[in-house]
>>> print(open('upload-v1.csv').read())   # CSV, C-alpha atoms
chain,number,residue,atom,x,y,z
A,1449,LEU,CA,122.4,341.6,18.5
A,1450,ASP,CA,125.8,340.5,19.6
A,1451,MET,CA,124.4,337.0,20.1
A,1452,LEU,CA,123.5,336.5,16.4
A,1453,PRO,CA,126.9,335.5,15.1
A,1454,ALA,CA,127.3,332.9,17.9
A,1455,LEU,CA,123.8,331.6,17.2
A,1456,ALA,CA,124.5,331.4,13.5
A,1457,ALA,CA,127.7,329.5,14.1
A,1458,ALA,CA,125.9,327.1,16.4
A,1459,VAL,CA,123.2,326.4,13.8
A,1460,LEU,CA,125.9,325.8,11.1
A,1461,LEU,CA,127.7,323.4,13.4
A,1462,LEU,CA,124.6,321.5,14.2
A,1463,SER,CA,123.5,321.3,10.6
A,1464,SER,CA,126.9,320.0,9.4
A,1465,ALA,CA,127.0,317.2,12.0
A,1466,THR,CA,125.6,313.9,10.6
A,1467,THR,CA,123.5,311.6,12.6
A,1468,VAL,CA,125.4,308.9,14.5
A,1469,ARG,CA,123.6,305.6,14.5
A,1470,SER,CA,125.0,302.2,14.1
A,1471,SER,CA,123.7,299.4,11.9
A,1472,GLN,CA,124.9,296.1,10.4
A,1473,GLY,CA,126.1,297.7,7.2
A,1474,ASP,CA,128.3,300.4,8.7
A,1475,LYS,CA,129.8,297.9,11.2
A,1476,GLU,CA,131.2,295.8,8.4
A,1477,PRO,CA,135.0,296.0,8.1
A,1478,VAL,CA,134.8,296.2,4.3
A,1479,TYR,CA,132.7,299.3,4.6
A,1480,ARG,CA,134.8,300.9,7.3
A,1481,ASP,CA,138.1,300.2,5.4
A,1482,CYS,CA,136.5,301.5,2.2
A,1483,VAL,CA,135.6,304.8,3.9
A,1484,LYS,CA,139.0,305.2,5.5
A,1485,GLN,CA,140.8,304.6,2.2
A,1486,CYS,CA,138.4,306.9,0.3
A,1487,VAL,CA,138.8,309.7,2.8
A,1488,ARG,CA,142.6,309.3,2.9
A,1489,THR,CA,142.8,309.3,-0.9
A,1490,ASN,CA,140.2,311.9,-1.9
A,1491,CYS,CA,139.5,314.2,1.0
A,1492,THR,CA,142.9,315.9,1.6
A,1493,GLY,CA,145.1,318.4,-0.2
A,1494,THR,CA,144.8,318.7,-3.9
A,1495,ARG,CA,142.2,315.9,-4.3
A,1496,LEU,CA,139.9,317.7,-1.8
A,1497,ARG,CA,140.2,320.9,-3.7
A,1498,GLY,CA,139.4,319.1,-6.9
A,1499,PHE,CA,136.3,317.5,-5.3
A,1500,GLN,CA,135.1,320.9,-4.0
A,1501,LEU,CA,135.6,322.5,-7.5
A,1502,ALA,CA,133.8,319.6,-9.3
A,1503,GLN,CA,130.9,319.4,-6.7
A,1504,PRO,CA,127.6,320.8,-7.9
A,1505,GLN,CA,126.6,324.0,-6.1
A,1506,TYR,CA,123.3,322.4,-4.8
A,1507,MET,CA,125.3,319.6,-3.2
A,1508,ALA,CA,127.6,322.1,-1.4
A,1509,LEU,CA,124.6,324.2,-0.3
A,1510,THR,CA,122.9,321.2,1.3
A,1511,GLY,CA,126.1,320.3,3.2
A,1512,TRP,CA,127.4,317.2,1.3
A,1513,THR,CA,131.1,316.8,2.2
A,1514,CYS,CA,133.8,314.7,0.6
A,1515,ARG,CA,133.5,312.3,3.6
A,1516,ASP,CA,129.8,312.0,3.0
A,1517,ASP,CA,130.4,311.1,-0.6
A,1518,CYS,CA,132.9,308.5,0.4
A,1519,ARG,CA,130.3,306.9,2.8
A,1520,TYR,CA,127.7,307.0,0.0
A,1521,GLN,CA,130.0,305.3,-2.5
A,1522,CYS,CA,131.3,302.7,0.0
A,1523,MET,CA,127.7,301.9,1.1
A,1524,TRP,CA,126.9,300.8,-2.5
A,1525,THR,CA,130.1,298.8,-2.6
A,1526,THR,CA,129.1,297.0,0.5
A,1527,VAL,CA,125.5,296.4,-0.7
A,1528,GLY,CA,126.9,294.9,-3.9
A,1529,LEU,CA,129.0,292.4,-1.9
A,1530,TYR,CA,126.0,291.5,0.2
A,1531,GLN,CA,123.9,290.8,-2.8
A,1532,ALA,CA,126.7,288.9,-4.6
A,1533,GLU,CA,126.8,286.5,-1.6
A,1534,GLY,CA,123.0,286.2,-1.4
A,1535,TYR,CA,122.6,288.1,1.9
A,1536,ARG,CA,119.8,290.5,2.8
A,1537,VAL,CA,120.5,294.1,2.1
A,1538,PRO,CA,121.7,295.7,5.3
A,1539,GLN,CA,121.0,299.1,6.8
A,1540,PHE,CA,123.6,301.8,7.2
A,1541,HIS,CA,123.6,304.3,10.1
A,1542,GLY,CA,120.0,303.4,11.0
A,1543,LYS,CA,118.6,303.7,7.5
A,1544,TRP,CA,118.2,301.6,4.3
A,1545,PRO,CA,120.4,302.5,1.4
A,1546,PHE,CA,118.7,305.0,-0.9
A,1547,ALA,CA,119.7,306.1,-4.4
A,1548,ARG,CA,120.5,309.8,-4.1
A,1549,PHE,CA,118.8,312.1,-6.6
A,1550,LEU,CA,120.5,315.5,-6.9
A,1551,CYS,CA,120.9,316.6,-3.3
A,1552,PHE,CA,117.9,314.5,-2.0
A,1553,GLU,CA,119.0,311.7,0.3
A,1554,GLU,CA,115.6,310.0,0.4
A,1555,PRO,CA,113.8,311.3,-2.8
A,1556,ALA,CA,110.5,309.6,-2.3
A,1557,SER,CA,110.0,310.5,1.3
A,1558,ALA,CA,111.1,314.1,0.6
A,1559,LEU,CA,108.6,314.4,-2.3
A,1560,ALA,CA,105.9,312.8,-0.1
A,1561,SER,CA,106.6,315.3,2.7
A,1562,LEU,CA,106.5,318.2,0.3
A,1563,LEU,CA,103.1,316.9,-1.1
A,1564,ASN,CA,101.7,316.7,2.4
A,1565,GLY,CA,102.9,320.3,3.1
A,1566,LEU,CA,101.3,321.5,-0.1
A,1567,ALA,CA,98.0,319.8,0.7
A,1568,CYS,CA,98.1,321.3,4.1
A,1569,LEU,CA,98.8,324.8,2.7
A,1570,LEU,CA,96.1,324.5,0.1
A,1571,MET,CA,93.4,323.4,2.6
A,1572,MET,CA,94.5,326.1,5.1
A,1573,LEU,CA,94.0,328.7,2.5
A,1574,ARG,CA,90.6,327.2,1.6
A,1575,TYR,CA,89.6,327.2,5.3
A,1576,ARG,CA,90.6,330.9,5.6
A,1577,SER,CA,88.6,331.8,2.5
A,1578,THR,CA,85.5,329.8,3.5
A,1579,VAL,CA,85.2,330.3,7.3
A,1580,PRO,CA,84.7,333.8,8.7
A,1581,ARG,CA,87.2,334.9,11.4
A,1582,GLN,CA,84.4,335.3,13.9
A,1583,SER,CA,84.0,331.5,14.1
A,1584,PRO,CA,84.9,330.3,17.6
A,1585,MET,CA,87.6,327.8,16.4
A,1586,TYR,CA,89.0,329.9,13.6
A,1587,HIS,CA,92.3,331.1,15.3
A,1588,THR,CA,92.9,327.7,17.0
A,1589,ILE,CA,92.6,325.9,13.7
A,1590,ASN,CA,94.7,328.5,11.9
A,1591,ALA,CA,97.5,328.0,14.5
A,1592,PHE,CA,97.2,324.2,14.1
A,1593,SER,CA,97.6,324.6,10.3
A,1594,LEU,CA,100.8,326.6,10.9
A,1595,VAL,CA,102.2,324.0,13.3
A,1596,SER,CA,101.4,321.3,10.7
A,1597,LEU,CA,103.0,323.2,7.9
A,1598,ASN,CA,106.2,323.7,10.0
A,1599,ALA,CA,106.3,319.9,10.7
A,1600,TRP,CA,106.0,319.0,7.0
A,1601,PHE,CA,108.7,321.6,6.1
A,1602,TRP,CA,111.1,320.0,8.5
A,1603,SER,CA,110.1,316.5,7.3
A,1604,THR,CA,111.0,317.6,3.8
A,1605,VAL,CA,114.3,319.1,4.9
A,1606,PHE,CA,115.2,316.0,6.9
A,1607,HIS,CA,114.5,313.6,4.1
A,1608,THR,CA,116.5,315.8,1.8
A,1609,ARG,CA,119.5,315.9,4.1
A,1610,ASP,CA,119.8,313.9,7.3
A,1611,THR,CA,121.9,315.8,9.9
A,1612,TYR,CA,121.9,316.2,13.6
A,1613,LEU,CA,119.8,319.4,13.4
A,1614,THR,CA,117.3,318.2,10.7
A,1615,GLU,CA,116.6,314.9,12.4
A,1616,LYS,CA,115.8,316.6,15.7
A,1617,MET,CA,113.6,319.2,14.1
A,1618,ASP,CA,111.7,316.5,12.2
A,1619,TYR,CA,111.1,314.5,15.4
A,1620,PHE,CA,110.3,317.5,17.6
A,1621,CYS,CA,107.9,319.2,15.1
A,1622,ALA,CA,106.0,315.9,14.6
A,1623,THR,CA,105.5,315.6,18.4
A,1624,ALA,CA,104.3,319.3,18.4
A,1625,VAL,CA,101.6,318.4,15.8
A,1626,ILE,CA,100.2,315.6,17.9
A,1627,LEU,CA,100.2,317.7,21.1
A,1628,TYR,CA,98.5,320.5,19.3
A,1629,SER,CA,95.9,318.1,18.0
A,1630,ILE,CA,95.2,317.2,21.6
A,1631,TYR,CA,94.8,320.9,22.4
A,1632,LEU,CA,92.6,321.4,19.4
A,1633,CYS,CA,90.4,318.6,20.6
A,1634,CYS,CA,90.3,320.0,24.1
A,1635,VAL,CA,89.2,323.4,22.9
A,1636,ARG,CA,86.5,321.8,20.7
A,1637,THR,CA,85.2,319.5,23.4
A,1638,LEU,CA,85.7,321.6,26.6
A,1639,GLY,CA,87.2,325.0,25.9
A,1640,LEU,CA,84.3,326.6,24.1
A,1641,ARG,CA,82.2,326.2,27.3
A,1642,ARG,CA,85.0,326.4,29.8
A,1643,PRO,CA,88.0,328.4,28.4
A,1644,GLY,CA,89.9,328.0,31.7
A,1645,VAL,CA,90.1,324.2,31.2
A,1646,SER,CA,91.6,324.5,27.8
A,1647,SER,CA,94.1,327.1,29.0
A,1648,ILE,CA,95.3,324.8,31.8
A,1649,VAL,CA,95.5,321.9,29.4
A,1650,GLY,CA,97.5,324.1,27.0
A,1651,VAL,CA,100.0,325.0,29.7
A,1652,LEU,CA,100.4,321.3,30.6
A,1653,LEU,CA,101.0,320.3,27.0
A,1654,ILE,CA,103.6,323.1,26.6
A,1655,LEU,CA,105.4,321.8,29.7
A,1656,ALA,CA,105.2,318.2,28.4
A,1657,PHE,CA,106.7,319.3,25.1
A,1658,THR,CA,109.4,321.3,26.8
A,1659,SER,CA,110.4,318.4,29.0
A,1660,HIS,CA,110.3,316.0,26.1
A,1661,VAL,CA,112.6,318.1,23.9
A,1662,SER,CA,114.9,318.9,26.9
A,1663,TYR,CA,115.4,315.3,27.7
A,1664,LEU,CA,116.1,314.2,24.1
A,1665,THR,CA,118.4,317.2,23.6
A,1666,PHE,CA,120.4,317.4,26.9
A,1667,VAL,CA,120.1,314.0,28.5
A,1668,SER,CA,119.8,311.2,25.9
A,1669,PHE,CA,118.3,311.0,22.4
A,1670,ASP,CA,116.6,307.7,23.1
A,1671,TYR,CA,114.7,306.5,20.0
A,1672,GLY,CA,112.8,303.9,21.9
A,1673,TYR,CA,111.6,306.6,24.4
A,1674,ASN,CA,110.7,309.0,21.7
A,1675,MET,CA,108.6,306.3,19.9
A,1676,ALA,CA,106.9,305.3,23.2
A,1677,ALA,CA,106.1,309.0,24.1
A,1678,ASN,CA,104.6,309.7,20.6
A,1679,ALA,CA,102.6,306.5,20.7
A,1680,THR,CA,101.2,307.4,24.1
A,1681,ILE,CA,100.1,310.9,23.2
A,1682,GLY,CA,98.9,309.6,19.9
A,1683,MET,CA,96.6,307.2,21.7
A,1684,VAL,CA,95.3,310.0,23.9
A,1685,ASN,CA,94.6,312.0,20.7
A,1686,LEU,CA,92.9,309.1,19.1
A,1687,LEU,CA,90.6,308.2,22.0
A,1688,TRP,CA,89.6,311.8,22.8
A,1689,TRP,CA,88.6,312.6,19.2
A,1690,LEU,CA,86.7,309.2,18.8
A,1691,CYS,CA,84.8,309.8,22.1
A,1692,TRP,CA,83.7,313.2,20.7
A,1693,CYS,CA,82.7,311.7,17.4
A,1694,TRP,CA,80.6,309.0,19.2
A,1695,GLN,CA,78.9,311.5,21.4
A,1696,ASN,CA,77.9,313.7,18.4
A,1697,ARG,CA,77.1,311.0,15.9
A,1698,ARG,CA,73.3,311.7,16.1
A,1699,THR,CA,73.5,315.5,16.1
A,1700,LEU,CA,76.3,316.4,13.7
A,1701,PRO,CA,76.0,314.9,10.2
A,1702,TYR,CA,79.7,315.4,9.4
A,1703,TRP,CA,81.0,313.6,12.5
A,1704,TRP,CA,82.1,310.6,10.4
A,1705,LYS,CA,84.8,312.8,8.6
A,1706,CYS,CA,86.6,313.3,11.9
A,1707,GLY,CA,86.3,309.7,13.0
A,1708,LEU,CA,87.5,308.4,9.6
A,1709,VAL,CA,90.5,310.8,9.6
A,1710,VAL,CA,91.6,309.8,13.1
A,1711,LEU,CA,91.3,306.1,12.3
A,1712,LEU,CA,93.1,306.5,8.9
A,1713,LEU,CA,96.0,308.4,10.4
A,1714,HIS,CA,96.6,305.8,13.1
A,1715,GLY,CA,95.9,302.9,10.8
A,1716,LEU,CA,98.2,304.2,8.0
A,1717,ALA,CA,101.0,304.6,10.5
A,1718,LEU,CA,101.1,300.8,10.7
A,1719,LEU,CA,102.7,300.9,7.3
A,1720,GLU,CA,105.9,301.8,9.1
A,1721,LEU,CA,106.0,298.3,10.5
A,1722,LEU,CA,106.6,296.8,7.1
A,1723,ASP,CA,110.1,298.2,7.0
A,1724,PHE,CA,111.3,296.7,3.7
A,1725,PRO,CA,114.4,297.6,1.6
A,1726,PRO,CA,113.5,300.4,-0.8
A,1727,LEU,CA,112.0,299.3,-4.1
A,1728,LEU,CA,114.3,300.5,-6.9
A,1729,TRP,CA,116.4,302.0,-4.0
A,1730,VAL,CA,113.8,304.8,-3.7
A,1731,LEU,CA,110.4,303.7,-2.3
A,1732,ASP,CA,110.4,302.3,1.3
A,1733,ALA,CA,107.7,301.9,3.9
A,1734,HIS,CA,108.2,305.3,5.3
A,1735,ALA,CA,107.7,307.0,1.9
A,1736,VAL,CA,104.6,304.9,1.3
A,1737,TRP,CA,103.2,306.0,4.7
A,1738,HIS,CA,103.8,309.7,3.9
A,1739,LEU,CA,102.3,309.3,0.4
A,1740,SER,CA,99.2,307.6,1.8
A,1741,THR,CA,98.5,310.6,4.2
A,1742,VAL,CA,98.3,313.2,1.5
A,1743,PRO,CA,94.5,312.8,0.7
A,1744,VAL,CA,93.7,312.8,4.5
A,1745,HIS,CA,94.4,316.5,4.7
A,1746,PHE,CA,91.4,317.2,2.3
A,1747,LEU,CA,89.0,315.1,4.4
A,1748,PHE,CA,90.2,316.6,7.7
A,1749,TYR,CA,89.9,320.2,6.6
A,1750,SER,CA,86.5,319.4,5.1
A,1751,PHE,CA,85.5,318.4,8.6
A,1752,LEU,CA,87.0,321.5,10.1
A,1753,ILE,CA,85.2,323.8,7.7
A,1754,ASP,CA,81.9,322.1,8.3
A,1755,ASP,CA,82.4,322.2,12.1
A,1756,SER,CA,83.6,325.8,12.1
A,1757,LEU,CA,80.5,327.0,10.1
A,1758,TYR,CA,78.3,325.0,12.4
A,1759,LEU,CA,79.8,326.6,15.5
A,1760,LEU,CA,79.4,330.1,13.9
A,1761,ASN,CA,75.7,329.5,13.1
A,1762,THR,CA,74.9,328.1,16.6
A,1763,GLU,CA,76.7,331.0,18.2
A,1764,LYS,CA,74.6,333.5,16.2
A,1765,MET,CA,71.4,331.6,17.1
A,1766,GLY,CA,72.4,331.3,20.8
A,1767,VAL,CA,72.2,327.5,20.7
A,1768,LYS,CA,74.3,325.4,23.1
A,1769,VAL,CA,77.4,324.1,21.5
A,1770,GLU,CA,77.8,320.3,21.3
>>> encode(input="upload-v1.csv", output="structure tokens")
Amino acid sequence: LDMLPALAAAVLLLSSATTVRSSQGDKEPVYRDCVKQCVRTNCTGTRLRGFQLAQPQYMALTGWTCRDDCRYQCMWTTVGLYQAEGYRVPQFHGKWPFARFLCFEEPASALASLLNGLACLLMMLRYRSTVPRQSPMYHTINAFSLVSLNAWFWSTVFHTRDTYLTEKMDYFCATAVILYSIYLCCVRTLGLRRPGVSSIVGVLLILAFTSHVSYLTFVSFDYGYNMAANATIGMVNLLWWLCWCWQNRRTLPYWWKCGLVVLLLHGLALLELLDFPPLLWVLDAHAVWHLSTVPVHFLFYSFLIDDSLYLLNTEKMGVKVE
């Protein structure tokens, strides 16, 4: 119990620290001078107290500081100068400039993440109401749903407010979903007949996740490494599921749902490569990607429900699981 205050303080410190990334826009002398002047003028003494009194409660609760507001205002000043000179809109601190809505730093991406989370929650509840708990995959799929919900929660929080803590949680939870999907595939393809195999794979995946998080947290938060690691495990996930679909294409009439979901998820991720300045300063490639994945939840859970009911029936009949 004595550790709780220290833990709470550490979380508050992490959540108040903004992400440090450098881009063309924030390197500009006009931007840096603007921020320095704004902070010097507005973020000390009486001016700071005035800012805090005038600041809406929802902005204060989400950690927006006077310095953050200066950076936001100076970002748009710099963007205006770039556009006036006919130059391409620059990024700032690793991100495109977004028009803030209330406390939402990236409104479209935050909304898209929330919609994904709601779709996941809705289909998890449908799965629970449709599939009996006796189905062999019931608890594994239920755990997968909770891992996915957690990831979409942190994605929504991160796109609402980008801080050191929220960025790490978004990245780490997304990795956890991919790794758990590999475990889900392992249980479905091998674990039902050989539980020991899926247990060993599960331990290896936990070790891989722990190592990944430890390296990014305590050694170096390398964006290139993180992307490469996720691409690698994503490819393992893709190929394993597709192999299972191919092997069962003649025996399971719903196999195509799984295959289509896996191909869609990996294909839609290519939208990230577009990386264009936000339309109307709200909708960028990342938001489009998140919005495009919302319907995929319904198809994937349709597959999971069909497969779980099939496994339950074959278990009752004593038929060998495919």
>>> residues_near_point(input="upload-v1.csv", point="(111.0, 305.2, 4.2)", cutoff="10 Å", atoms="all atoms listed in the file", output="number ranges by chain")
A: 1543-1544, 1546, 1554-1558, 1607, 1719-1720, 1722-1726, 1730-1738
>>> residues_around(input="upload-v1.csv", residues="Tyr1702 (chain A)", least_positions_apart="6", cutoff="10 Å", atoms="all atoms listed in the file", output="PyMOL selection string")
chain A and resi 1693+1696+1750-1752+1754-1755
>>> residues_near_point(input="upload-v1.csv", point="(122.1, 317.4, -6.1)", cutoff="9 Å", atoms="only C-alpha atoms", output="ChimeraX atom specification")
/A:1504-1508,1510,1548-1552
>>> write_last_selection(input="upload-v1.csv", atoms="C-alpha atoms", output="PDB file, in the frame of the given file")
ATOM      1  CA  PRO A1504     127.600 320.800  -7.900  1.00  0.00           C
ATOM      2  CA  GLN A1505     126.600 324.000  -6.100  1.00  0.00           C
ATOM      3  CA  TYR A1506     123.300 322.400  -4.800  1.00  0.00           C
ATOM      4  CA  MET A1507     125.300 319.600  -3.200  1.00  0.00           C
ATOM      5  CA  ALA A1508     127.600 322.100  -1.400  1.00  0.00           C
ATOM      6  CA  THR A1510     122.900 321.200   1.300  1.00  0.00           C
ATOM      7  CA  ARG A1548     120.500 309.800  -4.100  1.00  0.00           C
ATOM      8  CA  PHE A1549     118.800 312.100  -6.600  1.00  0.00           C
ATOM      9  CA  LEU A1550     120.500 315.500  -6.900  1.00  0.00           C
ATOM     10  CA  CYS A1551     120.900 316.600  -3.300  1.00  0.00           C
ATOM     11  CA  PHE A1552     117.900 314.500  -2.000  1.00  0.00           C
TER      12      PHE A1552
END
>>> closest_residue(input="upload-v1.csv", among="A:Thr1513, A:Thr1741, A:Ser1646, A:Thr1492", to="Arg1609 (chain A)", atoms="all atoms listed in the file")
A:Thr1513
>>> residues_around(input="upload-v1.csv", residues="Gln1521 (chain A)", least_positions_apart="6", cutoff="12 Å", atoms="only C-alpha atoms", output="PDB file with C-alpha atoms, in the frame of the given file")
ATOM      1  CA  TYR A1479     132.700 299.300   4.600  1.00  0.00           C
ATOM      2  CA  ARG A1480     134.800 300.900   7.300  1.00  0.00           C
ATOM      3  CA  CYS A1482     136.500 301.500   2.200  1.00  0.00           C
ATOM      4  CA  VAL A1483     135.600 304.800   3.900  1.00  0.00           C
ATOM      5  CA  GLN A1485     140.800 304.600   2.200  1.00  0.00           C
ATOM      6  CA  CYS A1486     138.400 306.900   0.300  1.00  0.00           C
ATOM      7  CA  VAL A1487     138.800 309.700   2.800  1.00  0.00           C
ATOM      8  CA  CYS A1514     133.800 314.700   0.600  1.00  0.00           C
ATOM      9  CA  ARG A1515     133.500 312.300   3.600  1.00  0.00           C
ATOM     10  CA  VAL A1527     125.500 296.400  -0.700  1.00  0.00           C
ATOM     11  CA  GLY A1528     126.900 294.900  -3.900  1.00  0.00           C
ATOM     12  CA  PRO A1545     120.400 302.500   1.400  1.00  0.00           C
ATOM     13  CA  PHE A1546     118.700 305.000  -0.900  1.00  0.00           C
ATOM     14  CA  ALA A1547     119.700 306.100  -4.400  1.00  0.00           C
ATOM     15  CA  ARG A1548     120.500 309.800  -4.100  1.00  0.00           C
TER      16      ARG A1548
END
>>> atom_distance(input="upload-v1.csv", atom1="CA of Leu1653 (chain A)", atom2="CA of Ser1583 (chain A)")
24.1 Å
>>> atom_distance(input="upload-v1.csv", atom1="CA of Ile1681 (chain A)", atom2="CA of Thr1604 (chain A)")
23.2 Å
>>> residues_around(input="upload-v1.csv", residues="Val1710 (chain A)", least_positions_apart="4", cutoff="9 Å", atoms="all atoms listed in the file", output="ChimeraX atom specification")
/A:1685-1686,1689-1690,1705-1706,1714-1715,1748
>>> closest_residue(input="upload-v1.csv", among="A:Leu1728, A:Ile1630, A:Val1595, A:Ala1567", to="Trp1688 (chain A)", atoms="all atoms listed in the file")
A:Ile1630
